[in-house]
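**Student:** Structure file entry_18.pdb (PDB, C-alpha atoms and all ligand atoms) right here:
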ATOM      1  CA  MET V 735       6.340  30.904  16.944
ATOM      2  CA  ARG V 736       5.737  27.483  15.396
ATOM      3  CA  ARG V 737       2.267  26.007  15.829
ATOM      4  CA  PHE V 738       2.259  22.474  17.258
ATOM      5  CA  LEU V 739       1.004  19.735  14.966
ATOM      6  CA  VAL V 740      -0.257  16.510  16.497
ATOM      7  CA  ALA V 741      -0.868  13.874  13.840
ATOM      8  CA  GLY V 742      -2.299  10.388  14.254
ATOM      9  CA  ASN V 743      -1.074   7.675  11.914
ATOM     10  CA  TRP V 744      -3.682   4.930  12.027
ATOM     11  CA  LYS V 745      -1.533   2.711   9.786
ATOM     12  CA  MET V 746      -3.427  -0.353   8.474
ATOM     13  CA  ASN V 747      -5.810  -0.379  11.432
ATOM     14  CA  THR V 748      -9.489   0.258  12.200
ATOM     15  CA  THR V 749     -12.705  -0.736  10.506
ATOM     16  CA  ARG V 750     -15.160   1.778   9.101
ATOM     17  CA  GLU V 751     -17.072   1.481  12.377
ATOM     18  CA  SER V 752     -14.152   1.707  14.803
ATOM     19  CA  GLY V 753     -12.514   4.498  12.799
ATOM     20  CA  SER V 754     -15.773   6.437  12.782
ATOM     21  CA  GLN V 755     -16.097   6.089  16.546
ATOM     22  CA  LEU V 756     -12.539   7.252  16.995
ATOM     23  CA  ALA V 757     -13.100  10.295  14.776
ATOM     24  CA  GLN V 758     -16.361  11.104  16.562
ATOM     25  CA  ALA V 759     -14.575  10.993  19.915
ATOM     26  CA  LEU V 760     -11.946  13.405  18.623
ATOM     27  CA  VAL V 761     -14.527  15.826  17.254
ATOM     28  CA  LYS V 762     -16.291  15.763  20.612
ATOM     29  CA  GLU V 763     -13.196  16.198  22.756
ATOM     30  CA  VAL V 764     -10.898  18.478  20.771
ATOM     31  CA  PRO V 765     -12.111  22.011  21.502
ATOM     32  CA  THR V 766     -13.412  23.629  18.310
ATOM     33  CA  GLU V 767     -11.995  26.952  19.475
ATOM     34  CA  ASN V 768      -8.551  25.298  19.519
ATOM     35  CA  GLN V 769      -6.376  27.321  17.192
ATOM     36  CA  ALA V 770      -3.154  26.675  19.033
ATOM     37  CA  VAL V 771      -2.574  23.130  17.832
ATOM     38  CA  GLU V 772      -3.088  21.657  14.392
ATOM     39  CA  VAL V 773      -4.616  18.187  14.653
ATOM     40  CA  LEU V 774      -4.434  15.682  11.827
ATOM     41  CA  VAL V 775      -5.590  12.086  11.463
ATOM     42  CA  CYS V 776      -4.306   9.744   8.774
ATOM     43  CA  PRO V 777      -6.704   6.818   8.335
ATOM     44  CA  PRO V 778      -6.304   4.009   5.791
ATOM     45  CA  PHE V 779      -7.320   4.953   2.217
ATOM     46  CA  PRO V 780     -10.738   3.207   2.220
ATOM     47  CA  TYR V 781     -11.905   5.266   5.191
ATOM     48  CA  LEU V 782     -10.576   8.695   4.207
ATOM     49  CA  THR V 783     -13.925   9.910   2.888
ATOM     50  CA  THR V 784     -15.931   8.620   5.849
ATOM     51  CA  ILE V 785     -13.522  10.096   8.373
ATOM     52  CA  GLY V 786     -13.360  13.339   6.387
ATOM     53  CA  GLU V 787     -17.140  13.635   6.624
ATOM     54  CA  ILE V 788     -17.075  13.010  10.365
ATOM     55  CA  VAL V 789     -14.381  15.559  11.169
ATOM     56  CA  GLY V 790     -16.079  17.970   8.752
ATOM     57  CA  ALA V 791     -15.558  21.564   9.781
ATOM     58  CA  SER V 792     -14.179  20.669  13.231
ATOM     59  CA  GLY V 793     -10.731  21.920  12.296
ATOM     60  CA  ILE V 794      -9.262  18.410  12.509
ATOM     61  CA  GLY V 795      -7.525  17.643   9.219
ATOM     62  CA  VAL V 796      -7.450  14.380   7.329
ATOM     63  CA  GLY V 797      -4.295  13.089   5.694
ATOM     64  CA  ALA V 798      -3.275  10.041   3.683
ATOM     65  CA  GLN V 799      -0.469   7.666   4.599
ATOM     66  CA  ASN V 800       0.994   7.509   1.100
ATOM     67  CA  CYS V 801       0.393   8.565  -2.505
ATOM     68  CA  TYR V 802       1.766   7.867  -5.970
ATOM     69  CA  HIS V 803       3.885  10.291  -7.971
ATOM     70  CA  GLU V 804       2.117   9.984 -11.322
ATOM     71  CA  LYS V 805      -0.996  11.671 -12.627
ATOM     72  CA  PRO V 806      -4.146   9.494 -12.683
ATOM     73  CA  GLY V 807      -3.768   6.726 -15.235
ATOM     74  CA  ALA V 808      -2.791   3.100 -15.655
ATOM     75  CA  PHE V 809      -1.168   2.475 -12.254
ATOM     76  CA  THR V 810      -3.171  -0.354 -10.749
ATOM     77  CA  GLY V 811      -3.474  -0.179  -7.004
ATOM     78  CA  GLU V 812      -2.015   3.290  -6.608
ATOM     79  CA  THR V 813      -3.611   6.523  -5.372
ATOM     80  CA  ALA V 814      -3.068   9.868  -7.076
ATOM     81  CA  THR V 815      -2.650  13.128  -5.191
ATOM     82  CA  GLU V 816      -5.458  14.532  -7.359
ATOM     83  CA  MET V 817      -7.764  11.940  -5.791
ATOM     84  CA  LEU V 818      -6.655  12.868  -2.300
ATOM     85  CA  SER V 819      -7.369  16.555  -2.911
ATOM     86  CA  ASP V 820     -10.657  15.628  -4.538
ATOM     87  CA  ILE V 821     -11.935  14.011  -1.332
ATOM     88  CA  GLY V 822     -10.738  16.842   0.907
ATOM     89  CA  CYS V 823      -7.490  15.335   2.125
ATOM     90  CA  ARG V 824      -5.081  18.103   2.999
ATOM     91  CA  SER V 825      -1.924  16.212   3.952
ATOM     92  CA  VAL V 826       0.096  13.131   3.167
ATOM     93  CA  LEU V 827       2.691  11.212   5.177
ATOM     94  CA  LEU V 828       5.697  10.323   3.040
ATOM     95  CA  GLY V 829       8.791   8.284   3.795
ATOM     96  CA  HIS V 830       7.338   6.540   6.843
ATOM     97  CA  SER V 831       9.799   3.939   8.099
ATOM     98  CA  GLU V 832       7.342   1.119   7.423
ATOM     99  CA  ARG V 833       7.228   2.183   3.789
ATOM    100  CA  ARG V 834      11.008   2.569   3.657
ATOM    101  CA  HIS V 835      11.844  -0.722   5.339
ATOM    102  CA  ILE V 836       8.905  -3.051   4.629
ATOM    103  CA  LEU V 837       7.782  -1.700   1.242
ATOM    104  CA  LYS V 838      11.389  -0.874   0.250
ATOM    105  CA  GLU V 839      10.737   2.719  -0.804
ATOM    106  CA  THR V 840      13.938   4.564  -1.614
ATOM    107  CA  ASP V 841      14.759   8.235  -1.169
ATOM    108  CA  VAL V 842      14.313   8.596  -4.932
ATOM    109  CA  ASP V 843      10.762   7.158  -4.751
ATOM    110  CA  ILE V 844       9.969   9.374  -1.790
ATOM    111  CA  ASN V 845      11.337  12.462  -3.498
ATOM    112  CA  LEU V 846       9.107  11.890  -6.540
ATOM    113  CA  LYS V 847       6.097  11.645  -4.243
ATOM    114  CA  VAL V 848       7.124  14.732  -2.268
ATOM    115  CA  LYS V 849       7.361  16.743  -5.489
ATOM    116  CA  LYS V 850       4.009  15.545  -6.785
ATOM    117  CA  ALA V 851       2.198  16.098  -3.479
ATOM    118  CA  LEU V 852       3.616  19.607  -3.123
ATOM    119  CA  ALA V 853       2.747  20.472  -6.708
ATOM    120  CA  ASP V 854      -0.844  19.467  -5.999
ATOM    121  CA  GLY V 855      -1.048  21.627  -2.884
ATOM    122  CA  LEU V 856      -0.896  18.926  -0.225
ATOM    123  CA  GLN V 857       0.935  19.365   3.049
ATOM    124  CA  VAL V 858       3.775  16.829   3.148
ATOM    125  CA  VAL V 859       4.892  15.233   6.399
ATOM    126  CA  LEU V 860       8.300  13.840   5.452
ATOM    127  CA  CYS V 861       9.411  11.143   7.886
ATOM    128  CA  VAL V 862      13.088  10.479   8.524
ATOM    129  CA  GLY V 863      14.855   8.363  11.111
ATOM    130  CA  GLU V 864      17.583   5.884  11.818
ATOM    131  CA  LEU V 865      17.574   2.176  12.618
ATOM    132  CA  GLN V 866      18.801   0.957  15.986
ATOM    133  CA  SER V 867      21.991  -0.422  14.392
ATOM    134  CA  GLU V 868      22.610   2.958  12.749
ATOM    135  CA  ARG V 869      22.243   4.758  16.091
ATOM    136  CA  GLU V 870      24.540   2.257  17.782
ATOM    137  CA  SER V 871      27.182   2.799  15.103
ATOM    138  CA  GLU V 872      26.789   6.594  15.466
ATOM    139  CA  GLN V 873      25.346   6.956  11.998
ATOM    140  CA  THR V 874      22.200   8.844  13.041
ATOM    141  CA  GLU V 875      23.191  12.183  11.543
ATOM    142  CA  THR V 876      24.565  10.580   8.386
ATOM    143  CA  VAL V 877      21.261   8.753   7.869
ATOM    144  CA  LEU V 878      19.228  11.899   8.546
ATOM    145  CA  ASN V 879      21.393  13.839   6.120
ATOM    146  CA  THR V 880      20.916  11.198   3.402
ATOM    147  CA  GLN V 881      17.150  11.046   3.900
ATOM    148  CA  MET V 882      16.756  14.830   3.997
ATOM    149  CA  THR V 883      18.999  15.346   0.981
ATOM    150  CA  GLY V 884      17.264  12.598  -0.990
ATOM    151  CA  GLY V 885      13.700  13.362   0.056
ATOM    152  CA  LEU V 886      14.001  17.099  -0.522
ATOM    153  CA  ASP V 887      16.140  16.979  -3.661
ATOM    154  CA  GLY V 888      15.050  19.758  -6.026
ATOM    155  CA  ILE V 889      12.505  21.200  -3.584
ATOM    156  CA  ASP V 890      12.388  24.964  -3.709
ATOM    157  CA  ALA V 891      12.441  27.129  -0.594
ATOM    158  CA  SER V 892       9.023  28.472  -1.561
ATOM    159  CA  ALA V 893       7.451  25.043  -0.873
ATOM    160  CA  PHE V 894       8.354  25.004   2.796
ATOM    161  CA  ASP V 895       5.049  26.399   3.992
ATOM    162  CA  GLN V 896       3.673  22.978   2.914
ATOM    163  CA  ILE V 897       6.430  20.855   4.464
ATOM    164  CA  VAL V 898       6.642  19.308   7.922
ATOM    165  CA  ILE V 899       9.511  17.032   8.951
ATOM    166  CA  ALA V 900       8.888  14.112  11.311
ATOM    167  CA  TYR V 901      11.866  12.634  13.132
ATOM    168  CA  GLU V 902      10.976   9.038  13.832
ATOM    169  CA  PRO V 903      13.791   6.827  15.106
ATOM    170  CA  VAL V 904      12.854   3.430  13.698
ATOM    171  CA  TRP V 905      13.818   1.669  16.921
ATOM    172  CA  ALA V 906      11.159   3.664  18.766
ATOM    173  CA  ILE V 907       8.253   3.038  16.397
ATOM    174  CA  GLY V 908       5.672   0.659  17.779
ATOM    175  CA  THR V 909       8.229  -0.789  20.186
ATOM    176  CA  GLY V 910       7.342   1.040  23.372
ATOM    177  CA  LEU V 911      10.901   2.433  23.376
ATOM    178  CA  THR V 912      10.943   6.211  23.192
ATOM    179  CA  ALA V 913      13.850   8.467  22.408
ATOM    180  CA  SER V 914      14.789  10.318  25.565
ATOM    181  CA  PRO V 915      13.937  14.018  25.430
ATOM    182  CA  ASP V 916      17.669  14.705  24.997
ATOM    183  CA  GLN V 917      18.011  12.222  22.137
ATOM    184  CA  ALA V 918      14.959  13.702  20.423
ATOM    185  CA  GLU V 919      16.125  17.270  20.951
ATOM    186  CA  SER V 920      19.578  16.525  19.611
ATOM    187  CA  ALA V 921      18.197  14.947  16.404
ATOM    188  CA  HIS V 922      15.717  17.812  16.003
ATOM    189  CA  GLN V 923      18.509  20.347  16.437
ATOM    190  CA  TYR V 924      20.489  18.546  13.767
ATOM    191  CA  LEU V 925      17.490  18.666  11.408
ATOM    192  CA  ARG V 926      16.888  22.352  12.092
ATOM    193  CA  ASN V 927      20.528  23.121  11.389
ATOM    194  CA  TRP V 928      20.280  21.043   8.239
ATOM    195  CA  LEU V 929      17.399  23.246   7.064
ATOM    196  CA  LYS V 930      19.426  26.346   7.906
ATOM    197  CA  ASP V 931      22.480  25.117   6.000
ATOM    198  CA  HIS V 932      20.539  23.922   2.947
ATOM    199  CA  TYR V 933      17.857  26.633   2.839
ATOM    200  CA  SER V 934      17.870  29.568   5.261
ATOM    201  CA  SER V 935      17.495  30.594   8.890
ATOM    202  CA  GLU V 936      13.943  31.737   8.147
ATOM    203  CA  ILE V 937      12.977  28.320   6.802
ATOM    204  CA  ALA V 938      14.752  26.534   9.641
ATOM    205  CA  ASP V 939      12.887  28.693  12.184
ATOM    206  CA  ALA V 940       9.497  28.304  10.548
ATOM    207  CA  THR V 941       9.505  24.587   9.653
ATOM    208  CA  ARG V 942       7.875  22.256  12.117
ATOM    209  CA  ILE V 943       9.778  19.150  13.177
ATOM    210  CA  LEU V 944       7.594  16.501  14.815
ATOM    211  CA  TYR V 945       8.796  13.666  16.995
ATOM    212  CA  GLY V 946       7.376  10.176  16.447
ATOM    213  CA  GLY V 947       8.103   6.913  18.198
ATOM    214  CA  SER V 948       5.945   5.512  21.004
ATOM    215  CA  VAL V 949       4.547   8.898  22.015
ATOM    216  CA  LYS V 950       2.069   8.305  24.853
ATOM    217  CA  PRO V 951       0.229  10.548  27.307
ATOM    218  CA  ASP V 952       2.910   9.954  29.936
ATOM    219  CA  ASN V 953       5.858  11.082  27.797
ATOM    220  CA  ALA V 954       4.194  13.604  25.453
ATOM    221  CA  ARG V 955       4.556  16.641  27.672
ATOM    222  CA  GLU V 956       8.283  16.197  28.206
ATOM    223  CA  LEU V 957       8.972  15.521  24.529
ATOM    224  CA  LEU V 958       6.830  18.451  23.393
ATOM    225  CA  SER V 959       8.605  20.712  25.876
ATOM    226  CA  GLN V 960      11.894  20.392  23.990
ATOM    227  CA  GLU V 961      12.800  23.576  22.190
ATOM    228  CA  ASN V 962      12.976  22.011  18.740
ATOM    229  CA  VAL V 963      10.058  19.578  19.034
ATOM    230  CA  ASP V 964       7.030  21.113  17.311
ATOM    231  CA  GLY V 965       4.530  18.322  17.654
ATOM    232  CA  ALA V 966       4.103  14.586  17.504
ATOM    233  CA  LEU V 967       3.416  11.904  14.941
ATOM    234  CA  VAL V 968       1.581   9.275  16.929
ATOM    235  CA  GLY V 969       0.924   5.704  15.832
ATOM    236  CA  GLY V 970      -0.464   3.231  18.379
ATOM    237  CA  ALA V 971      -1.729   5.827  20.840
ATOM    238  CA  SER V 972      -3.656   7.640  18.096
ATOM    239  CA  LEU V 973      -6.008   4.646  17.884
ATOM    240  CA  LYS V 974      -7.242   5.194  21.420
ATOM    241  CA  PRO V 975      -9.068   8.446  22.149
ATOM    242  CA  GLU V 976      -8.208   8.132  25.832
ATOM    243  CA  GLN V 977      -4.521   8.262  24.827
ATOM    244  CA  PHE V 978      -4.577  10.541  21.782
ATOM    245  CA  ILE V 979      -6.701  13.278  23.356
ATOM    246  CA  PRO V 980      -4.368  13.803  26.360
ATOM    247  CA  ILE V 981      -1.449  14.149  23.902
ATOM    248  CA  ILE V 982      -3.376  16.875  22.044
ATOM    249  CA  GLN V 983      -4.287  18.475  25.391
ATOM    250  CA  ALA V 984      -0.629  18.506  26.432
ATOM    251  CA  ALA V 985       0.224  20.355  23.215
ATOM    252  CA  ILE V 986      -2.631  22.833  23.746
ATOM    253  CA  GLU V 987      -1.491  23.505  27.306
ATOM    254  CA  LEU V 988       2.141  23.950  26.313
ATOM    255  CA  SER V 989       1.203  26.378  23.543
ATOM    256  CA  ALA V 990      -0.538  28.556  26.091
ATOM    257  CA  ASN V 991       2.724  28.969  28.091
TER     258      ASN V 991
HETATM  259  C1  LIG V1001       4.271   5.967  13.642
HETATM  260  O1  LIG V1001       3.632   5.109  13.104
HETATM  261  O2  LIG V1001       4.630   6.935  12.966
HETATM  262  C2  LIG V1001       4.610   5.842  15.059
HETATM  263  C3  LIG V1001       5.372   6.746  15.599
HETATM  264  O3  LIG V1001       4.088   4.766  15.737
HETATM  265  P1  LIG V1001       4.078   4.536  17.332
HETATM  266  O4  LIG V1001       3.579   5.814  17.959
HETATM  267  O5  LIG V1001       3.143   3.387  17.561
HETATM  268  O6  LIG V1001       5.474   4.238  17.749
END
Step by step, read the file and then write its structure as structure tokens.
Ligand code: PEP
**Tutor:**
Amino acid sequence: MRRFLVAGNWKMNTTRESGSQLAQALVKEVPTENQAVEVLVCPPFPYLTTIGEIVGASGIGVGAQNCYHEKPGAFTGETATEMLSDIGCRSVLLGHSERRHILKETDVDINLKVKKALADGLQVVLCVGELQSERESEQTETVLNTQMTGGLDGIDASAFDQIVIAYEPVWAIGTGLTASPDQAESAHQYLRNWLKDHYSSEIADATRILYGGSVKPDNARELLSQENVDGALVGGASLKPEQFIPIIQAAIELSAN
């Protein structure tokens, strides 16, 4: 049985004050006895420590939105995984579509980061997903295969207890368009089969595959009900407690069934 993971990607949003209020609301509303659902928030780098202190021992994890693949040194503007661990960060998002398409990160760049983050004990949430034009030209599975093959190149089966995959169709991110439950399930099935073919049935069964792309309280339950959807990576709605908390609640309720 895979444990749901609901992760909030705050992107380049919030101030120290608004982020703190958001984290405080989550600590207050997410039941501390909740073991059924893993909850993660990924604030911007400058607020990681503050938010980490607020979530404290609540069980809510703090993750970064990126990292660099080198050890600490002369890499102006970058953030080492050692620094993330040092401040209590337990996860890192890698390969987010905004980093792929705006910051021009390649699968090779992402793979270097995946390797470094895993080596330093971080949980990696590897994001993959196709553009609208790629879906329209029926390239979705080809794109997913390329991103999985590139991002996970050289990754040993033994690392999979630290790896989560997030399927995020680019056309659904921040657009208000959501993949239908069938579209999401079909991509998730493809990814699970990919893990089976490239690793093993055990790894395919155990690895969580999150859906991301305009997840909101009104569509979360249906998406999370799909057999191969093991949680959500939430952008816009994770900035509003009144939207993020019902998504977490939906996951908690579904895990009880
Ligand atoms: C994201 O940033 O990963 C995301 C899915 O954003 P949104 O929920 O706003 O579409």
**Student:** Let me know the residues the PyMOL selection byres (((chain V and resi 909) around 12) and not hetatm) catches in the file above, as an mmCIF file with C-alpha atoms, in the coordinates of the input.
**Tutor:**
data_model
loop_
_atom_site.group_PDB
_atom_site.id
_atom_site.type_symbol
_atom_site.label_atom_id
_atom_site.label_comp_id
_atom_site.auth_asym_id
_atom_site.auth_seq_id
_atom_site.Cartn_x
_atom_site.Cartn_y
_atom_site.Cartn_z
ATOM 1 C CA GLN V 866 18.801 0.957 15.986
ATOM 2 C CA PRO V 903 13.791 6.827 15.106
ATOM 3 C CA VAL V 904 12.854 3.430 13.698
ATOM 4 C CA TRP V 905 13.818 1.669 16.921
ATOM 5 C CA ALA V 906 11.159 3.664 18.766
ATOM 6 C CA ILE V 907 8.253 3.038 16.397
ATOM 7 C CA GLY V 908 5.672 0.659 17.779
ATOM 8 C CA GLY V 910 7.342 1.040 23.372
ATOM 9 C CA LEU V 911 10.901 2.433 23.376
ATOM 10 C CA THR V 912 10.943 6.211 23.192
ATOM 11 C CA ALA V 913 13.850 8.467 22.408
ATOM 12 C CA GLY V 946 7.376 10.176 16.447
ATOM 13 C CA GLY V 947 8.103 6.913 18.198
ATOM 14 C CA SER V 948 5.945 5.512 21.004
ATOM 15 C CA VAL V 949 4.547 8.898 22.015
ATOM 16 C CA LYS V 950 2.069 8.305 24.853
ATOM 17 C CA GLY V 969 0.924 5.704 15.832
ATOM 18 C CA GLY V 970 -0.464 3.231 18.379
ATOM 19 C CA ALA V 971 -1.729 5.827 20.840
#
**Student:** The PyMOL selection byres (((chain V and resi 883) around 12) and not hetatm) on the file shown: which residues, as number ranges by chain?
**Tutor:** V: 841-842, 844-845, 860, 862, 875-882, 884-889, 925, 928-929, 931-933
**Student:** To one decimal place, how far is CA of Asn800 (chain V) from CA of Leu827 (chain V) in Å?
**Tutor:**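 Interatomic distance, CA of Asn800 (chain V) to CA of Leu827 (chain V): 5.8 Å.
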**Student:** So which one's closest to ligand LIG 1001 (chain V), V:Phe894, V:Tyr945, V:Phe779, V:Phe809? Using all atoms listed in the file, please.
**Tutor:**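 Closest candidate: V:Tyr945.
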**Student:** From the set V:Arg750, V:His830, V:His922, V:His803, which residue has the shortest atom-to-atom contact distance to ligand LIG 1001 (chain V), counting all atoms listed in the file?
**Tutor:**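 Of the candidates, the smallest distance to ligand LIG 1001 (chain V) is held by V:His830.
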**Student:** Need the neighbours of (7.9, 28.1, 17.2): which residues are at most 12 Å away, counting only C-alpha atoms, as a list in words?
**Tutor:** Met735, Arg736, Arg737, Phe738, Leu739, Ala770, Val771, Arg926, Glu936, Ile937, Ala938, Asp939, Ala940, Thr941, Arg942, Ile943, Leu944, Leu958, Ser959, Gln960, Glu961, Asn962, Val963, Asp964, Gly965, Leu988 and Ser989 of chain V
**Student:** Which polymer residues have any atom within 12 Å of an atom of Ile794 (chain V), counting only C-alpha atoms, with same-chain residues fewer than 6 positions away left out, as a PyMOL selection string?
**Tutor:** chain V and resi 739-742+757-769+771-776+785-788+822-825+982
**Student:** At what distance in Å, to one decimal, does CA of Gln799 (chain V) lie from CA of Arg955 (chain V)?
**Tutor:**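 It comes out at 25.3 Å.
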**Student:** So, with all atoms listed in the file as the atoms that count, which of V:Pro777, V:Gly790, V:Gly811, V:Pro915 lies closest to ligand LIG 1001 (chain V)?
**Tutor:**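 The answer is V:Pro777, which sits nearest to ligand LIG 1001 (chain V).
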**Student:** Using all atoms listed in the file, which residue out of V:Ala921, V:Met817, V:Val968, V:Leu846 lies closest to ligand LIG 1001 (chain V)?
**Tutor:**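 Checking each candidate against ligand LIG 1001 (chain V), we get V:Val968 as the closest.
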**Student:** Restricting the calculation to all atoms listed in the file: of V:Glu976, V:Asp952, V:Asp854, V:Glu902, which residue gets closest to ligand LIG 1001 (chain V)?
**Tutor:**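 Using all atoms listed in the file, the shortest distance to ligand LIG 1001 (chain V) belongs to V:Glu902.
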